[in-house]
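Asker: Dumping the structure here so I can ask a few things about it.
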Protein chains: 2
Amino acid sequence: MSSSPSGPASDAQPLTQAERTALSDKAMIEAAIELILERGTDKTTLAAIGEKAGYSRGLATYRFGSKAGLFDAVCKSISRRWLEYLKEAVDGKTGIEAMCAALDAFLRFVSDMPREARVLHILYCGAASPLSEYRATSVNIHSKQQEDVARWVQEGIANGTIRADVDPRTVAAQYIAYIGGMNYLWIINPGSIDFRRANEEMKRQLRLALAPPEGRTPQ
Amino acid sequence: MSSSPSGPASDAQPLTQAERTALSDKAMIEAAIELILERGTDKTTLAAIGEKAGYSRGLATYRFGSKAGLFDAVCKSISRRWLEYLKEAVDGKTGIEAMCAALDAFLRFVSDMPREARVLHILYCGAASPLSEYRATSVNIHSKQQEDVARWVQEGIANGTIRADVDPRTVAAQYIAYIGGMNYLWIINPGSIDFRRANEEMKRQLRLALAPPEGRTPQ
DNA sequence: TGCTACTTGCTTGTCGTCAGCAAGTAAGTT
DNA sequence: AACTTACTTGCTGACGACAAGCAAGTAGCA
């Protein structure tokens, strides 16, 4: 705002059109994250986002079409980063091990990028409202994650590390619900949750609840 | 709107002031619930609430002070009804039995009053936003519920129905998180959740995870 | 009981702000 | 130089919030 009168990158050689949009997109998404953290979604205006990003008040609307469109983009941007954490942690694991690894990955994500984790959840919450224009994004991400977890459970059943009488889809829903719910409690009242301890406890309970009755059956 | 030109109760003897406000309050909260279900919080206007309730566009603002004030009132109104369900179901129970009874109560609440359950969750979601003016309400309710659950766990430990090495506060947070998370998944994508089945599964897992290692220790 | 002063419930007029749009300007591309 | 794309500016309708006014209920006093 003070150093660069014509935008956030006025120096050096000219940028290509693609580079320009990528730059302004990124700046606006970053600005949106900060403003949502500060004021929440309601009190964040498209004009403020554009200007905080170093552009005009109109750019956010022009680029993303609407407030919901912009939030959708922020949602997708942060989700992508979270999925990288998840992918790396789970890698080839299955069954209970995959579920525990995912819990750890989530804890790491929340520790490394608390701002993004917070904003992502705030946006997911917005998706609970009827007629929400980015509900589809939330549904897709949650469905995909549920499917992933259900597959881990199924594989765990197949190789004998998970008792055979649980329903993979139900367990998956419970698992995703637990993570989302903890995140909510942490967001509205951070002091009341010992996230690390809850995670350790949860891993223990997963083993207790999902392991086959008497030691491993021979695989 | 069609039958009563001067409000929702134009017939019979005149009402006292207190009765009049009670009536209009109730009408507006009911109207708000319907509109939130239809359009979500963002697209519900104070004017629409007042008019749907059979009054003027200005009454909702006048009575509740602001949009947030109105949502806070709706939140409290529905919470009160939910707590009645909870109280009746749990009654004098403790430990795992109380936790299972509360799960059943929640399922019953969602079945009996799906509209209210939905709206309550939508409002709780709104409380996740920074600067939310009814966040305090959500925090209070969730804290109180967490304390209740922690007490059940503690009592369960005391009478030997719950293993002694769990942390009541942590278990309580997980339990509340689970319920809230399931509610969210159900709201954004009702088809993907078999609520009843998940409940049965959850009750089984609570018993597995919280019961003492080898049968009951003598109380 | 009837009259008057006062309080409270509710409505209408108005203002500032914001999302969204359309027309215009500047920067990059061929 | 002609064209496309990135971005800005001017504008409008809608909404939240407020304030002034009207009407219905209440209380004091004969």
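Scheme for the structure tokens: letters A, B, ... for chains in order shown; per-chain residue numbers from 1; ligand numbers from 1 in order shown.
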Once you count only C-alpha atoms, which residues of chain B turn out to be within 6 Å of chain A? Could you give them as a ChimeraX atom specification?
Answerer: /B:39-40,122,125,128-131,170,177-178,180-182,188,198,205,208-209
Asker: May I have the residues from that selection written out with N, CA and C atoms, as a PDB file, in the first residue's frame?
Answerer:
ATOM      1  N   ARG B  39     -33.385 -20.070   3.956  1.00  0.00           N
ATOM      2  CA  ARG B  39     -32.406 -19.243   3.255  1.00  0.00           C
ATOM      3  C   ARG B  39     -31.049 -19.170   3.932  1.00  0.00           C
ATOM      4  N   GLY B  40     -30.947 -19.680   5.140  1.00  0.00           N
ATOM      5  CA  GLY B  40     -29.700 -19.507   5.879  1.00  0.00           C
ATOM      6  C   GLY B  40     -29.667 -18.171   6.585  1.00  0.00           C
ATOM      7  N   ILE B 122     -26.832 -24.642  12.798  1.00  0.00           N
ATOM      8  CA  ILE B 122     -26.449 -23.547  11.896  1.00  0.00           C
ATOM      9  C   ILE B 122     -25.997 -22.343  12.712  1.00  0.00           C
ATOM     10  N   CYS B 125     -22.660 -22.859  14.322  1.00  0.00           N
ATOM     11  CA  CYS B 125     -21.633 -22.654  13.306  1.00  0.00           C
ATOM     12  C   CYS B 125     -21.310 -21.175  13.167  1.00  0.00           C
ATOM     13  N   ALA B 128     -18.735 -19.712  15.359  1.00  0.00           N
ATOM     14  CA  ALA B 128     -17.316 -19.999  15.148  1.00  0.00           C
ATOM     15  C   ALA B 128     -16.584 -18.793  14.566  1.00  0.00           C
ATOM     16  N   SER B 129     -17.332 -17.879  13.998  1.00  0.00           N
ATOM     17  CA  SER B 129     -16.721 -16.696  13.400  1.00  0.00           C
ATOM     18  C   SER B 129     -16.210 -15.749  14.486  1.00  0.00           C
ATOM     19  N   PRO B 130     -15.012 -15.169  14.260  1.00  0.00           N
ATOM     20  CA  PRO B 130     -14.516 -14.194  15.233  1.00  0.00           C
ATOM     21  C   PRO B 130     -15.496 -13.031  15.338  1.00  0.00           C
ATOM     22  N   LEU B 131     -15.497 -12.389  16.512  1.00  0.00           N
ATOM     23  CA  LEU B 131     -16.358 -11.241  16.750  1.00  0.00           C
ATOM     24  C   LEU B 131     -17.836 -11.619  16.732  1.00  0.00           C
ATOM     25  N   THR B 170     -11.108 -34.973  29.137  1.00  0.00           N
ATOM     26  CA  THR B 170     -10.765 -35.313  27.758  1.00  0.00           C
ATOM     27  C   THR B 170     -11.857 -36.150  27.116  1.00  0.00           C
ATOM     28  N   ALA B 177     -17.589 -33.478  21.066  1.00  0.00           N
ATOM     29  CA  ALA B 177     -17.102 -33.272  19.699  1.00  0.00           C
ATOM     30  C   ALA B 177     -17.769 -34.247  18.745  1.00  0.00           C
ATOM     31  N   TYR B 178     -17.881 -35.500  19.180  1.00  0.00           N
ATOM     32  CA  TYR B 178     -18.515 -36.512  18.342  1.00  0.00           C
ATOM     33  C   TYR B 178     -19.946 -36.123  17.981  1.00  0.00           C
ATOM     34  N   GLY B 180     -21.457 -33.150  18.089  1.00  0.00           N
ATOM     35  CA  GLY B 180     -21.495 -31.972  17.222  1.00  0.00           C
ATOM     36  C   GLY B 180     -21.062 -32.296  15.808  1.00  0.00           C
ATOM     37  N   GLY B 181     -20.022 -33.096  15.683  1.00  0.00           N
ATOM     38  CA  GLY B 181     -19.498 -33.443  14.355  1.00  0.00           C
ATOM     39  C   GLY B 181     -20.487 -34.259  13.547  1.00  0.00           C
ATOM     40  N   MET B 182     -21.133 -35.226  14.206  1.00  0.00           N
ATOM     41  CA  MET B 182     -22.137 -36.020  13.497  1.00  0.00           C
ATOM     42  C   MET B 182     -23.274 -35.129  13.026  1.00  0.00           C
ATOM     43  N   ILE B 188     -25.124 -31.144   6.515  1.00  0.00           N
ATOM     44  CA  ILE B 188     -24.699 -30.778   5.162  1.00  0.00           C
ATOM     45  C   ILE B 188     -24.994 -31.883   4.157  1.00  0.00           C
ATOM     46  N   ALA B 198     -25.173 -45.336  13.601  1.00  0.00           N
ATOM     47  CA  ALA B 198     -23.969 -44.742  14.191  1.00  0.00           C
ATOM     48  C   ALA B 198     -24.110 -44.666  15.707  1.00  0.00           C
ATOM     49  N   GLN B 205     -19.037 -48.876  21.235  1.00  0.00           N
ATOM     50  CA  GLN B 205     -17.637 -48.484  21.355  1.00  0.00           C
ATOM     51  C   GLN B 205     -17.347 -47.791  22.677  1.00  0.00           C
ATOM     52  N   LEU B 208     -16.837 -50.556  25.044  1.00  0.00           N
ATOM     53  CA  LEU B 208     -15.546 -51.212  24.813  1.00  0.00           C
ATOM     54  C   LEU B 208     -14.391 -50.364  25.324  1.00  0.00           C
ATOM     55  N   ALA B 209     -14.475 -49.048  25.036  1.00  0.00           N
ATOM     56  CA  ALA B 209     -13.317 -48.196  25.313  1.00  0.00           C
ATOM     57  C   ALA B 209     -13.248 -47.755  26.769  1.00  0.00           C
TER      58      ALA B 209
END
Asker: Any chance you could dump chain A, least-squares fitted to chain B on all C-alpha atoms in order, as a JSON list (two decimals) with C-alpha atoms, in the first residue's frame?
Answerer:
[["chain", "number", "residue", "atom", "x", "y", "z"],
["A", 1, "MET", "CA", -51.06, -11.48, 7.21],
["A", 2, "SER", "CA", -54.45, -11.94, 5.56],
["A", 3, "SER", "CA", -56.78, -12.67, 8.47],
["A", 4, "SER", "CA", -55.48, -10.33, 11.13],
["A", 5, "PRO", "CA", -54.72, -6.80, 10.03],
["A", 6, "SER", "CA", -53.42, -5.65, 13.40],
["A", 7, "GLY", "CA", -51.21, -8.58, 14.24],
["A", 8, "PRO", "CA", -51.47, -12.30, 14.83],
["A", 9, "ALA", "CA", -54.03, -12.01, 17.63],
["A", 10, "SER", "CA", -56.50, -9.24, 16.97],
["A", 11, "ASP", "CA", -59.57, -10.98, 18.37],
["A", 12, "ALA", "CA", -60.99, -11.40, 21.90],
["A", 13, "GLN", "CA", -60.14, -9.40, 24.98],
["A", 14, "PRO", "CA", -57.10, -7.15, 25.16],
["A", 15, "LEU", "CA", -53.80, -8.66, 26.15],
["A", 16, "THR", "CA", -51.52, -7.37, 28.85],
["A", 17, "GLN", "CA", -48.25, -5.79, 27.78],
["A", 18, "ALA", "CA", -46.32, -8.83, 28.97],
["A", 19, "GLU", "CA", -48.58, -11.12, 26.98],
["A", 20, "ARG", "CA", -48.15, -9.00, 23.90],
["A", 21, "THR", "CA", -44.36, -9.12, 24.00],
["A", 22, "ALA", "CA", -44.34, -12.82, 24.78],
["A", 23, "LEU", "CA", -46.59, -13.40, 21.79],
["A", 24, "SER", "CA", -44.60, -11.32, 19.35],
["A", 25, "ASP", "CA", -41.31, -12.71, 20.64],
["A", 26, "LYS", "CA", -42.49, -16.24, 20.07],
["A", 27, "ALA", "CA", -43.87, -15.41, 16.63],
["A", 28, "MET", "CA", -40.62, -13.80, 15.59],
["A", 29, "ILE", "CA", -38.45, -16.62, 16.86],
["A", 30, "GLU", "CA", -40.64, -19.10, 15.01],
["A", 31, "ALA", "CA", -40.46, -16.95, 11.87],
["A", 32, "ALA", "CA", -36.69, -16.73, 12.22],
["A", 33, "ILE", "CA", -36.41, -20.52, 12.44],
["A", 34, "GLU", "CA", -38.40, -20.96, 9.25],
["A", 35, "LEU", "CA", -36.49, -18.33, 7.37],
["A", 36, "ILE", "CA", -33.09, -19.62, 8.51],
["A", 37, "LEU", "CA", -34.10, -23.09, 7.32],
["A", 38, "GLU", "CA", -35.18, -21.70, 3.98],
["A", 39, "ARG", "CA", -32.43, -19.20, 3.23],
["A", 40, "GLY", "CA", -29.71, -19.48, 5.85],
["A", 41, "THR", "CA", -28.64, -16.77, 8.23],
["A", 42, "ASP", "CA", -27.04, -14.45, 5.68],
["A", 43, "LYS", "CA", -30.05, -14.17, 3.46],
["A", 44, "THR", "CA", -32.54, -13.89, 6.30],
["A", 45, "THR", "CA", -33.38, -10.24, 6.88],
["A", 46, "LEU", "CA", -34.73, -8.68, 10.02],
["A", 47, "ALA", "CA", -37.49, -7.07, 7.96],
["A", 48, "ALA", "CA", -38.58, -10.45, 6.60],
["A", 49, "ILE", "CA", -38.69, -11.91, 10.10],
["A", 50, "GLY", "CA", -40.88, -9.11, 11.44],
["A", 51, "GLU", "CA", -43.26, -9.29, 8.53],
["A", 52, "LYS", "CA", -43.48, -13.09, 8.47],
["A", 53, "ALA", "CA", -44.36, -12.96, 12.15],
["A", 54, "GLY", "CA", -47.26, -10.64, 11.31],
["A", 55, "TYR", "CA", -45.71, -7.37, 12.43],
["A", 56, "SER", "CA", -43.81, -4.54, 10.81],
["A", 57, "ARG", "CA", -40.36, -4.68, 9.27],
["A", 58, "GLY", "CA", -38.88, -2.79, 12.20],
["A", 59, "LEU", "CA", -40.00, -4.88, 15.16],
["A", 60, "ALA", "CA", -37.26, -7.49, 15.09],
["A", 61, "THR", "CA", -34.55, -4.84, 15.31],
["A", 62, "TYR", "CA", -36.46, -2.94, 18.00],
["A", 63, "ARG", "CA", -36.98, -6.01, 20.16],
["A", 64, "PHE", "CA", -33.67, -7.83, 19.81],
["A", 65, "GLY", "CA", -31.43, -4.85, 19.12],
["A", 66, "SER", "CA", -29.55, -6.46, 16.26],
["A", 67, "LYS", "CA", -29.44, -9.46, 14.00],
["A", 68, "ALA", "CA", -26.94, -11.12, 16.31],
["A", 69, "GLY", "CA", -29.19, -10.40, 19.27],
["A", 70, "LEU", "CA", -32.07, -12.14, 17.57],
["A", 71, "PHE", "CA", -29.97, -15.15, 16.63],
["A", 72, "ASP", "CA", -28.77, -15.32, 20.20],
["A", 73, "ALA", "CA", -32.38, -15.46, 21.37],
["A", 74, "VAL", "CA", -33.22, -18.21, 18.87],
["A", 75, "CYS", "CA", -30.15, -20.11, 20.00],
["A", 76, "LYS", "CA", -31.18, -19.92, 23.64],
["A", 77, "SER", "CA", -34.76, -20.82, 22.87],
["A", 78, "ILE", "CA", -33.86, -24.01, 21.04],
["A", 79, "SER", "CA", -31.11, -24.92, 23.50],
["A", 80, "ARG", "CA", -33.63, -24.78, 26.32],
["A", 81, "ARG", "CA", -35.81, -27.33, 24.55],
["A", 82, "TRP", "CA", -32.85, -29.62, 23.86],
["A", 83, "LEU", "CA", -31.76, -29.47, 27.48],
["A", 84, "GLU", "CA", -35.22, -30.64, 28.51],
["A", 85, "TYR", "CA", -34.84, -33.70, 26.32],
["A", 86, "LEU", "CA", -31.42, -34.31, 27.80],
["A", 87, "LYS", "CA", -32.49, -33.84, 31.38],
["A", 88, "GLU", "CA", -35.42, -36.20, 31.08],
["A", 89, "ALA", "CA", -33.36, -38.93, 29.39],
["A", 90, "VAL", "CA", -30.39, -38.85, 31.75],
["A", 91, "ASP", "CA", -32.29, -38.20, 34.96],
["A", 92, "GLY", "CA", -30.23, -39.83, 37.69],
["A", 93, "LYS", "CA", -27.99, -41.96, 35.50],
["A", 94, "THR", "CA", -24.19, -41.80, 35.64],
["A", 95, "GLY", "CA", -21.19, -43.22, 33.83],
["A", 96, "ILE", "CA", -21.59, -45.03, 30.55],
["A", 97, "GLU", "CA", -25.33, -45.35, 31.04],
["A", 98, "ALA", "CA", -25.74, -41.58, 31.20],
["A", 99, "MET", "CA", -23.63, -41.15, 28.07],
["A", 100, "CYS", "CA", -25.68, -43.72, 26.17],
["A", 101, "ALA", "CA", -28.93, -42.19, 27.37],
["A", 102, "ALA", "CA", -27.76, -38.77, 26.18],
["A", 103, "LEU", "CA", -26.94, -40.20, 22.76],
["A", 104, "ASP", "CA", -30.45, -41.61, 22.54],
["A", 105, "ALA", "CA", -31.92, -38.33, 23.70],
["A", 106, "PHE", "CA", -30.05, -36.52, 20.97],
["A", 107, "LEU", "CA", -31.33, -38.93, 18.35],
["A", 108, "ARG", "CA", -34.86, -38.41, 19.66],
["A", 109, "PHE", "CA", -34.45, -34.64, 19.62],
["A", 110, "VAL", "CA", -33.22, -34.68, 16.04],
["A", 111, "SER", "CA", -36.12, -36.95, 15.03],
["A", 112, "ASP", "CA", -38.80, -35.01, 16.89],
["A", 113, "MET", "CA", -37.64, -31.53, 16.03],
["A", 114, "PRO", "CA", -35.41, -31.76, 12.97],
["A", 115, "ARG", "CA", -36.03, -28.12, 12.07],
["A", 116, "GLU", "CA", -34.93, -26.86, 15.43],
["A", 117, "ALA", "CA", -31.93, -29.20, 15.57],
["A", 118, "ARG", "CA", -30.86, -27.98, 12.17],
["A", 119, "VAL", "CA", -31.22, -24.32, 13.02],
["A", 120, "LEU", "CA", -29.43, -24.72, 16.32],
["A", 121, "HIS", "CA", -26.46, -26.20, 14.57],
["A", 122, "ILE", "CA", -26.46, -23.56, 11.87],
["A", 123, "LEU", "CA", -26.34, -20.94, 14.61],
["A", 124, "TYR", "CA", -23.59, -22.72, 16.52],
["A", 125, "CYS", "CA", -21.65, -22.67, 13.29],
["A", 126, "GLY", "CA", -22.11, -18.93, 13.05],
["A", 127, "ALA", "CA", -20.57, -18.70, 16.50],
["A", 128, "ALA", "CA", -17.30, -20.04, 15.12],
["A", 129, "SER", "CA", -16.70, -16.72, 13.37],
["A", 130, "PRO", "CA", -14.49, -14.23, 15.19],
["A", 131, "LEU", "CA", -16.31, -11.28, 16.72],
["A", 132, "SER", "CA", -19.51, -13.33, 16.66],
["A", 133, "GLU", "CA", -21.79, -11.64, 19.11],
["A", 134, "TYR", "CA", -23.41, -14.82, 20.34],
["A", 135, "ARG", "CA", -20.28, -16.89, 20.59],
["A", 136, "ALA", "CA", -20.52, -16.56, 24.36],
["A", 137, "THR", "CA", -23.85, -18.38, 24.26],
["A", 138, "SER", "CA", -22.36, -21.27, 22.33],
["A", 139, "VAL", "CA", -19.31, -21.44, 24.57],
["A", 140, "ASN", "CA", -21.46, -21.46, 27.69],
["A", 141, "ILE", "CA", -23.73, -24.23, 26.45],
["A", 142, "HIS", "CA", -20.87, -26.38, 25.24],
["A", 143, "SER", "CA", -18.86, -25.83, 28.42],
["A", 144, "LYS", "CA", -21.83, -26.72, 30.56],
["A", 145, "GLN", "CA", -22.46, -29.88, 28.60],
["A", 146, "GLN", "CA", -18.80, -30.82, 28.77],
["A", 147, "GLU", "CA", -18.88, -30.40, 32.52],
["A", 148, "ASP", "CA", -21.97, -32.58, 32.77],
["A", 149, "VAL", "CA", -20.34, -35.35, 30.76],
["A", 150, "ALA", "CA", -17.09, -35.05, 32.71],
["A", 151, "ARG", "CA", -19.10, -35.49, 35.89],
["A", 152, "TRP", "CA", -20.78, -38.62, 34.53],
["A", 153, "VAL", "CA", -17.38, -40.05, 33.69],
["A", 154, "GLN", "CA", -16.01, -39.17, 37.09],
["A", 155, "GLU", "CA", -18.94, -40.83, 38.79],
["A", 156, "GLY", "CA", -18.49, -43.85, 36.56],
["A", 157, "ILE", "CA", -14.88, -44.08, 37.63],
["A", 158, "ALA", "CA", -15.91, -43.72, 41.25],
["A", 159, "ASN", "CA", -18.36, -46.61, 41.12],
["A", 160, "GLY", "CA", -16.10, -48.81, 39.03],
["A", 161, "THR", "CA", -18.08, -48.86, 35.79],
["A", 162, "ILE", "CA", -15.43, -46.84, 33.94],
["A", 163, "ARG", "CA", -11.73, -47.61, 33.85],
["A", 164, "ALA", "CA", -9.77, -45.35, 36.17],
["A", 165, "ASP", "CA", -7.04, -44.30, 33.76],
["A", 166, "VAL", "CA", -9.14, -42.07, 31.49],
["A", 167, "ASP", "CA", -9.26, -38.30, 31.90],
["A", 168, "PRO", "CA", -12.89, -37.24, 32.42],
["A", 169, "ARG", "CA", -12.44, -33.83, 30.79],
["A", 170, "THR", "CA", -10.79, -35.28, 27.72],
["A", 171, "VAL", "CA", -13.41, -37.98, 27.29],
["A", 172, "ALA", "CA", -16.11, -35.35, 27.73],
["A", 173, "ALA", "CA", -14.61, -33.16, 25.02],
["A", 174, "GLN", "CA", -14.41, -36.12, 22.66],
["A", 175, "TYR", "CA", -17.97, -37.08, 23.36],
["A", 176, "ILE", "CA", -19.32, -33.58, 22.75],
["A", 177, "ALA", "CA", -17.14, -33.27, 19.66],
["A", 178, "TYR", "CA", -18.55, -36.52, 18.31],
["A", 179, "ILE", "CA", -22.15, -35.38, 18.72],
["A", 180, "GLY", "CA", -21.52, -31.97, 17.20],
["A", 181, "GLY", "CA", -19.54, -33.45, 14.35],
["A", 182, "MET", "CA", -22.19, -36.02, 13.48],
["A", 183, "ASN", "CA", -24.78, -33.29, 13.53],
["A", 184, "TYR", "CA", -22.72, -31.28, 11.06],
["A", 185, "LEU", "CA", -22.28, -34.19, 8.67],
["A", 186, "TRP", "CA", -25.99, -34.92, 8.90],
["A", 187, "ILE", "CA", -26.88, -31.31, 8.17],
["A", 188, "ILE", "CA", -24.71, -30.77, 5.14],
["A", 189, "ASN", "CA", -25.45, -34.18, 3.67],
["A", 190, "PRO", "CA", -28.33, -36.01, 5.39],
["A", 191, "GLY", "CA", -28.24, -39.00, 3.06],
["A", 192, "SER", "CA", -24.68, -39.95, 3.92],
["A", 193, "ILE", "CA", -25.38, -40.67, 7.59],
["A", 194, "ASP", "CA", -27.32, -43.51, 9.19],
["A", 195, "PHE", "CA", -27.78, -41.72, 12.45],
["A", 196, "ARG", "CA", -29.46, -44.59, 14.29],
["A", 197, "ARG", "CA", -26.84, -47.11, 13.31],
["A", 198, "ALA", "CA", -24.00, -44.74, 14.20],
["A", 199, "ASN", "CA", -25.59, -44.26, 17.59],
["A", 200, "GLU", "CA", -25.78, -47.99, 18.28],
["A", 201, "GLU", "CA", -22.21, -48.42, 17.14],
["A", 202, "MET", "CA", -21.09, -45.53, 19.31],
["A", 203, "LYS", "CA", -22.75, -46.94, 22.39],
["A", 204, "ARG", "CA", -20.97, -50.23, 21.83],
["A", 205, "GLN", "CA", -17.67, -48.46, 21.37],
["A", 206, "LEU", "CA", -18.15, -46.41, 24.50],
["A", 207, "ARG", "CA", -18.61, -49.61, 26.47],
["A", 208, "LEU", "CA", -15.57, -51.18, 24.84],
["A", 209, "ALA", "CA", -13.34, -48.19, 25.32],
["A", 210, "LEU", "CA", -14.41, -47.06, 28.77],
["A", 211, "ALA", "CA", -15.26, -50.28, 30.63],
["A", 212, "PRO", "CA", -12.66, -51.51, 33.12],
["A", 213, "PRO", "CA", -10.19, -54.09, 31.72],
["A", 214, "GLU", "CA", -11.55, -57.30, 33.29],
["A", 215, "GLY", "CA", -15.27, -57.25, 34.16],
["A", 216, "ARG", "CA", -16.38, -55.03, 37.01],
["A", 217, "THR", "CA", -14.17, -54.35, 39.92],
["A", 218, "PRO", "CA", -16.21, -54.81, 43.09],
["A", 219, "GLN", "CA", -17.79, -51.48, 43.90]]
Asker: Write down, as a list in words, each residue of chain D that has any atom within 10 Å of an atom of chain B, counting only C-alpha atoms (C1' of nucleotides).
Answerer: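 Matching residues, ligands excluded from the count: DA14, DC15, DG16, DA17, DC18, DA24, DG25 and DT26 of chain D.
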Asker: Neighbours of C:DT25 within 10 Å (only C-alpha atoms (C1' of nucleotides); same-chain residues fewer than 2 positions away dropped), as a list in words?
Answerer: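 Once the adjacent positions are removed, what remains is DA27 of chain C; DC7, DT8 and DT9 of chain D.
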Asker: What would the file look like if the residues just selected were written as an mmCIF file, in the first residue's frame with N, CA and C atoms (P, O5', C5', C4', C3', O3' and C1' of nucleotides)?
Answerer:
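Writing done, so here's again.cif:
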data_model
loop_
_atom_site.group_PDB
_atom_site.id
_atom_site.type_symbol
_atom_site.label_atom_id
_atom_site.label_comp_id
_atom_site.auth_asym_id
_atom_site.auth_seq_id
_atom_site.Cartn_x
_atom_site.Cartn_y
_atom_site.Cartn_z
ATOM 1 P P DA C 27 -0.172 0.797 -16.891
ATOM 2 O "O5'" DA C 27 0.267 -0.731 -17.074
ATOM 3 C "C5'" DA C 27 -0.362 -1.733 -16.286
ATOM 4 C "C4'" DA C 27 -0.471 -2.999 -17.083
ATOM 5 C "C3'" DA C 27 0.786 -3.347 -17.894
ATOM 6 O "O3'" DA C 27 1.308 -4.584 -17.436
ATOM 7 C "C1'" DA C 27 -1.196 -3.642 -19.175
ATOM 8 P P DC D 7 -4.695 -8.521 -12.116
ATOM 9 O "O5'" DC D 7 -5.480 -7.135 -11.983
ATOM 10 C "C5'" DC D 7 -4.825 -5.930 -12.374
ATOM 11 C "C4'" DC D 7 -5.823 -4.802 -12.495
ATOM 12 C "C3'" DC D 7 -6.646 -4.495 -11.260
ATOM 13 O "O3'" DC D 7 -6.113 -3.332 -10.636
ATOM 14 C "C1'" DC D 7 -7.852 -4.175 -13.290
ATOM 15 P P DT D 8 -6.809 -2.637 -9.402
ATOM 16 O "O5'" DT D 8 -7.746 -1.553 -10.100
ATOM 17 C "C5'" DT D 8 -7.167 -0.563 -10.928
ATOM 18 C "C4'" DT D 8 -8.182 0.510 -11.298
ATOM 19 C "C3'" DT D 8 -8.919 1.148 -10.117
ATOM 20 O "O3'" DT D 8 -8.890 2.559 -10.303
ATOM 21 C "C1'" DT D 8 -10.487 0.311 -11.694
ATOM 22 P P DT D 9 -9.387 3.541 -9.140
ATOM 23 O "O5'" DT D 9 -10.757 4.097 -9.706
ATOM 24 C "C5'" DT D 9 -10.880 4.413 -11.081
ATOM 25 C "C4'" DT D 9 -12.327 4.710 -11.427
ATOM 26 C "C3'" DT D 9 -13.147 5.382 -10.326
ATOM 27 O "O3'" DT D 9 -13.870 6.459 -10.905
ATOM 28 C "C1'" DT D 9 -14.245 3.429 -11.051
#
Asker: Restrict the distance test to only C-alpha atoms (C1' of nucleotides), flag each residue of chain C within 10 Å of chain A, and return the flagged residues as a VMD selection string.
Answerer: chain C and resid 17 to 21 27 to 29
Asker: Kindly save the residues from that selection, with N, CA and C atoms (P, O5', C5', C4', C3', O3' and C1' of nucleotides) included, as a short mmCIF file (atom, residue, chain, number, x, y, z; two decimals), in the first residue's frame.
Answerer:
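So again25.cif came out as:
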data_model
loop_
_atom_site.label_atom_id
_atom_site.label_comp_id
_atom_site.auth_asym_id
_atom_site.auth_seq_id
_atom_site.Cartn_x
_atom_site.Cartn_y
_atom_site.Cartn_z
P DT C 17 -20.37 4.66 6.19
"O5'" DT C 17 -20.82 3.18 5.77
"C5'" DT C 17 -21.26 2.28 6.78
"C4'" DT C 17 -21.49 0.91 6.15
"C3'" DT C 17 -20.41 0.49 5.15
"O3'" DT C 17 -20.07 -0.85 5.42
"C1'" DT C 17 -22.54 0.39 4.13
P DC C 18 -18.71 -1.49 4.75
"O5'" DC C 18 -19.34 -2.59 3.78
"C5'" DC C 18 -20.30 -3.50 4.30
"C4'" DC C 18 -21.05 -4.13 3.16
"C3'" DC C 18 -20.14 -4.62 2.03
"O3'" DC C 18 -20.35 -5.99 1.80
"C1'" DC C 18 -21.96 -3.35 1.18
P DA C 19 -19.37 -6.88 0.89
"O5'" DA C 19 -20.33 -7.48 -0.22
"C5'" DA C 19 -21.54 -8.10 0.18
"C4'" DA C 19 -22.43 -8.31 -1.03
"C3'" DA C 19 -21.75 -8.99 -2.21
"O3'" DA C 19 -22.68 -9.87 -2.81
"C1'" DA C 19 -22.46 -6.82 -2.85
P DG C 20 -22.26 -10.84 -4.02
"O5'" DG C 20 -22.63 -9.97 -5.30
"C5'" DG C 20 -23.98 -9.59 -5.48
"C4'" DG C 20 -24.07 -8.62 -6.65
"C3'" DG C 20 -23.35 -9.07 -7.93
"O3'" DG C 20 -24.27 -9.02 -9.00
"C1'" DG C 20 -22.82 -6.84 -7.41
P DC C 21 -24.00 -9.77 -10.42
"O5'" DC C 21 -23.95 -8.57 -11.47
"C5'" DC C 21 -25.02 -7.63 -11.50
"C4'" DC C 21 -24.56 -6.32 -12.10
"C3'" DC C 21 -23.81 -6.46 -13.45
"O3'" DC C 21 -24.53 -5.73 -14.42
"C1'" DC C 21 -22.74 -4.90 -12.01
P DA C 27 -0.17 0.80 -16.89
"O5'" DA C 27 0.27 -0.73 -17.07
"C5'" DA C 27 -0.36 -1.73 -16.29
"C4'" DA C 27 -0.47 -3.00 -17.08
"C3'" DA C 27 0.79 -3.35 -17.89
"O3'" DA C 27 1.31 -4.58 -17.44
"C1'" DA C 27 -1.20 -3.64 -19.18
P DG C 28 2.60 -5.25 -18.11
"O5'" DG C 28 1.92 -6.30 -19.10
"C5'" DG C 28 1.33 -7.49 -18.54
"C4'" DG C 28 0.75 -8.32 -19.67
"C3'" DG C 28 1.78 -8.95 -20.60
"O3'" DG C 28 1.39 -10.30 -20.84
"C1'" DG C 28 0.24 -7.71 -21.85
P DT C 29 2.22 -11.24 -21.81
"O5'" DT C 29 1.35 -11.16 -23.14
"C5'" DT C 29 0.04 -11.71 -23.15
"C4'" DT C 29 -0.46 -11.81 -24.60
"C3'" DT C 29 0.50 -12.52 -25.57
"O3'" DT C 29 -0.26 -13.43 -26.34
"C1'" DT C 29 -0.12 -10.42 -26.43
#
Asker: What are the DSSP helix (DSSP H, G or I) residues of stretch 112-142 of chain A, as a PyMOL selection string?
Answerer: chain A and resi 112+114-126+135-142
Asker: Could you give me, as a count of residues only, the residues within 12 Å of D:DA19, counting only C-alpha atoms (C1' of nucleotides) and dropping anything in the same chain fewer than 3 positions from it?
Answerer: 7
